[in-house]
Each structure stands twice: as C-alpha cells, then as structure tokens.
Amino acid sequence: MTTSQSSTRPFPLEEVRALPKAELHVHLEGTVDPATLLELAERHGARPPADTVEGVQDWYRFEDFPMFLERYFAVLELLREPEDFATIAERYLDAAHAQGAVHVELHVSATGHIAEGGKAWAPIHDGIVEGCQRAAGRTGISWGLIPDISPHLGAEVCAEAMEEVFAHDLDHVVAIGMGGPAESWPTQDFEAIYRRAESLGIPGVAHAAEHGDPWEVRHAVERFGARRIQHGIGVVDDPDVVALLVERGIPCDVAPGSNLALNAVASPAAHPLRRMLEAGITVTLASDDPPLFRTSLLEEYQRAWEWCDLDMDGMARLARNSIEHSFASDTDKGRWLARLA
Ligand code: ADE
Ligand code: ZN
C-alpha cells in the first residue's frame, strides 16, 4: 500500500466520502444513539439508564469489554417491536449512505434477542428488512444481514436459537457471525452451528482476537470456516497466524475507534493497524457500534489516514478491500469497483 511521509496533512474528508465503500462490521443494536435510546424507552414506558442525551452518552463509556457487553445487552432489551428494529435499521443505512457507503452488512445479535430476550426472530427480521428497504428505496444503498451468536449463552442454546433463524426467510442473510468472549470456544461445539449454516449455503464470519490471543483467529478460520474476521488485532505478534490470513486472503474488519473505546489498545500509537497493513493482511475499516464508541465510518478512515500515513491511494485500497470482500452480488461489486478504478 502506498504511504506518504507527512503526518500533519489534513484529512481529505470529501474525497474519502466520495469513495464507494462497504461497511462489513457494524452491529445493528450498536447503532442506537442516545436520542434513539431515550425514544425507545419512552415508546415502551421503560426506564432508561439515564434521563438525558448527555446522561446516556456518559453511560456509553466503558472501562472494559465485560462492562460494554452488559450495557450492549441492556440496549437489546429496549428493542421490542418490529418498528423498533425498522427505525434503527433505516436510520443507520441513511447515516452510512451519507458517508459514502454503498453497501452495509448489519450484524444482528440474533441469539441475544431469541435466547436471552425471549423474542421471536421472524418479526425482528421482518422489521429490520422493512427499515432497510425504506432506506434503500430512497438512497439505493445495498445491504445484507449477519445474524450472530453470543457465545456466553452456550453452544446448545445458540444452536437452538439459530435454528429459528434458519427456519425463516434467508434471502437477506449473507452470513452468520459470532461476537463476544471466546473462552467457551474450545470446550463447546459452536462448529456445528457454522456447519449447519454452510449446509444451507450461508458462509460464516467471526469476531476473534479483539481482546484475546491469536489462537482465536486460527480457531475461527480452521474450525468455523470464517471468511472474514472482525477485529483480529491480536494476530500481529504471531507470524504463523498472520501467514494464515495472508495466504488465504482472509480480511480483518478492523474498528480502531472501538478498540480505543474498549481499551483493547492503550493508545493510537499502540494500535496494530499499521503493522497489519505492512504484514500484508487485507484490512477493511468499520465502526462496530458507532454511537457507543463516538465514532463513524469516515472517522475510521481518518484514523487510518493519520495513524498509518496513508495517501488517497491507500484510502481507495481500503475502500476496494471492503467491496471485494463483501457478500454483495458480483454485478454490484463490479459497478462499485469500476467507480473506484
Ligand atoms: N457485539 C457488539 N460489539 C461487539 C464487539 N466489539 N465485540 C464483540 N461483540 C460485539
Ligand atoms: Zn463487532
């Protein structure tokens, strides 16, 4: 990737906005901004975690990953009716479109809603589809869904919940995913869920080495057949796992703002993004849970610009990676790549 020498150059915001790009790692429930959270609480007569936008903004500060997950699951609890899901999906696709995204793959915490929330999948799915179609009808943005597994719920519970997902409309499901802590991976059979998805023609992706060690990435690739890794920032100190990603051309959907907000890295200088690029790992940029981490897709491109001294060729390379490694149709990809050429 081309790099430039100066680190004080202003970020070319409008040029980067104009690049067609895909966002492959954003959690639908993690797009609930403070005002929307208050709106949802009001809609359901539920008690919000704070009474004001500023209060919720403060509540969206996390010392560590467990604290984040606890609050993320509290947000899930406020999403109850199909229209709640439609509202947040529509709002996020509009926001992504305004940043130049042409395609978004929305991770949805399916097992969280089904197994922990006791909610039915079909109305959730249909609400999301309704919201995405509303946004797409106005903007032309393309989108897909990645229902995901929360491993802290256990493999058996997740397998049962994912059967409910597999039994409903799969037309918009581009992959299944996995988020959350990986401690239970070696001792529980999450592989079976990925194999089941594969038997239905659905590929897998997985969060790995976000806070944990490189073995998570090897496990996700070799056992789950993961076609993309979310984060993967822990791999840089393990040349064998780096080689695995490079040789198989498996990208990492990196979310630097998220890594800072969750203290997965201590500072921008400590973030391995530059080393990942230099090692030849294919990187796509993503915002993960943007309002929870006070970030956006364009701010992630700005971080890469500043931290890695990239020039516009570097920005375009990252945009191209995101399109090439998306699950969009070949026709759409061809159209967007032609615009990038
Ligand atoms: N779910 C939502 N955001 C996540 C993250 N950053 N890591 C793992 N699971 C998540
Ligand atoms: Zn994530």
# chains A, B, ... in the order shown; residues from 1 in each chain; ligands from 1
$ residues_near_ligand --ligand "ligand 2" --cutoff "8 Å" --atoms "only C-alpha atoms and all ligand atoms" --output "PyMOL selection string"
chain A and resi 25-27+107+179+207+230-231+255+288-289
$ select_by_dssp --residues "segment 132-334 of chain A" --states "strand (DSSP E)" --output "list in words"
Ser142, Trp143, Gly144, Leu145, Ile146, Pro147, Asp148, Ile149, Gly177, Met178, Gly204, Val205, Ala206, His207, Ala208, Ala226, Arg227, Arg228, Ile229, Gln230, His231, Cys252, Asp253, Val254, Val283, Thr284 and Leu285 of chain A
$ closest_residue --among "A:Ala192, A:Ile149, A:Leu337, A:Leu37" --to "ligand 1" --atoms "only C-alpha atoms and all ligand atoms"
A:Ile149
$ residues_around --residues "Thr284 of chain A" --least-positions-apart "6" --cutoff "8 Å" --atoms "only C-alpha atoms" --output "ChimeraX atom specification"
/A:23-24,251-254,318-319,321-322
$ write_last_selection --atoms "all heavy atoms" --output "short mmCIF file (atom, residue, chain, number, x, y, z; two decimals), in the first residue's frame"
data_model
loop_
_atom_site.label_atom_id
_atom_site.label_comp_id
_atom_site.auth_asym_id
_atom_site.auth_seq_id
_atom_site.Cartn_x
_atom_site.Cartn_y
_atom_site.Cartn_z
N GLU A 23 -19.46 -1.20 4.41
CA GLU A 23 -19.18 -1.38 5.83
C GLU A 23 -19.61 -2.79 6.21
O GLU A 23 -20.79 -3.14 6.12
CB GLU A 23 -19.88 -0.35 6.71
CG GLU A 23 -19.49 -0.58 8.17
CD GLU A 23 -19.74 0.59 9.11
OE1 GLU A 23 -20.75 1.29 8.93
OE2 GLU A 23 -18.93 0.77 10.03
N LEU A 24 -18.63 -3.59 6.67
CA LEU A 24 -18.86 -5.02 6.83
C LEU A 24 -18.95 -5.44 8.30
O LEU A 24 -19.18 -6.61 8.59
CB LEU A 24 -17.72 -5.79 6.15
CG LEU A 24 -17.48 -5.41 4.67
CD1 LEU A 24 -16.36 -6.25 4.09
CD2 LEU A 24 -18.75 -5.56 3.86
N PRO A 251 -9.74 -11.35 5.16
CA PRO A 251 -9.61 -9.99 5.67
C PRO A 251 -9.98 -9.86 7.15
O PRO A 251 -10.75 -10.67 7.68
CB PRO A 251 -10.59 -9.18 4.83
CG PRO A 251 -11.48 -10.14 4.17
CD PRO A 251 -10.98 -11.54 4.37
N CYS A 252 -9.46 -8.81 7.76
CA CYS A 252 -9.89 -8.41 9.10
C CYS A 252 -10.68 -7.12 8.96
O CYS A 252 -10.21 -6.15 8.34
CB CYS A 252 -8.67 -8.16 9.99
SG CYS A 252 -7.78 -9.66 10.41
N ASP A 253 -11.88 -7.11 9.50
CA ASP A 253 -12.74 -5.91 9.51
C ASP A 253 -12.40 -5.15 10.79
O ASP A 253 -12.95 -5.41 11.86
CB ASP A 253 -14.22 -6.30 9.49
CG ASP A 253 -14.57 -7.22 8.31
OD1 ASP A 253 -13.97 -7.03 7.24
OD2 ASP A 253 -15.42 -8.10 8.47
N VAL A 254 -11.47 -4.22 10.67
CA VAL A 254 -10.87 -3.58 11.84
C VAL A 254 -11.65 -2.31 12.21
O VAL A 254 -12.05 -1.55 11.33
CB VAL A 254 -9.38 -3.24 11.57
CG1 VAL A 254 -8.74 -2.61 12.79
CG2 VAL A 254 -8.62 -4.50 11.17
N LEU A 318 -8.33 0.62 0.82
CA LEU A 318 -9.19 0.15 1.93
C LEU A 318 -10.65 0.06 1.47
O LEU A 318 -11.36 -0.89 1.81
CB LEU A 318 -9.06 1.08 3.14
CG LEU A 318 -7.69 1.01 3.84
CD1 LEU A 318 -7.50 2.19 4.78
CD2 LEU A 318 -7.55 -0.31 4.60
N ALA A 319 -11.08 1.05 0.69
CA ALA A 319 -12.46 1.02 0.17
C ALA A 319 -12.63 -0.18 -0.76
O ALA A 319 -13.64 -0.90 -0.70
CB ALA A 319 -12.76 2.32 -0.57
N ASN A 321 -10.92 -2.98 -0.76
CA ASN A 321 -10.95 -4.22 0.05
C ASN A 321 -12.36 -4.49 0.55
O ASN A 321 -12.84 -5.62 0.54
CB ASN A 321 -10.04 -4.08 1.27
CG ASN A 321 -8.56 -4.10 0.92
OD1 ASN A 321 -8.19 -4.44 -0.21
ND2 ASN A 321 -7.72 -3.74 1.88
N SER A 322 -13.02 -3.42 1.03
CA SER A 322 -14.33 -3.61 1.65
C SER A 322 -15.35 -4.09 0.62
O SER A 322 -16.22 -4.92 0.94
CB SER A 322 -14.81 -2.32 2.33
OG SER A 322 -15.13 -1.32 1.38
#
$ residues_around --residues "segment 256-273 of chain A" --least-positions-apart "3" --cutoff "10 Å" --atoms "only C-alpha atoms" --output "ChimeraX atom specification"
/A:60-68,209-212,231-237,253,276-279,281,283,285-290,292-297,299-301,303-304,306-308
$ select_by_dssp --residues "segment 45-154 of chain A" --states "helix (DSSP H, G or I)" --output "number ranges by chain"
A: 53-59, 65-77, 82-98, 110-116, 121-139, 151-153
$ residues_around --residues "Ala155 of chain A" --least-positions-apart "4" --cutoff "8 Å" --atoms "only C-alpha atoms" --output "list in words"
Pro151, Ala159, Gln188, Asp189 and Phe190 of chain A
$ atom_distance --atom1 "atom CA of Ala22 of chain A" --atom2 "atom CA of Leu93 of chain A"
11.3 Å
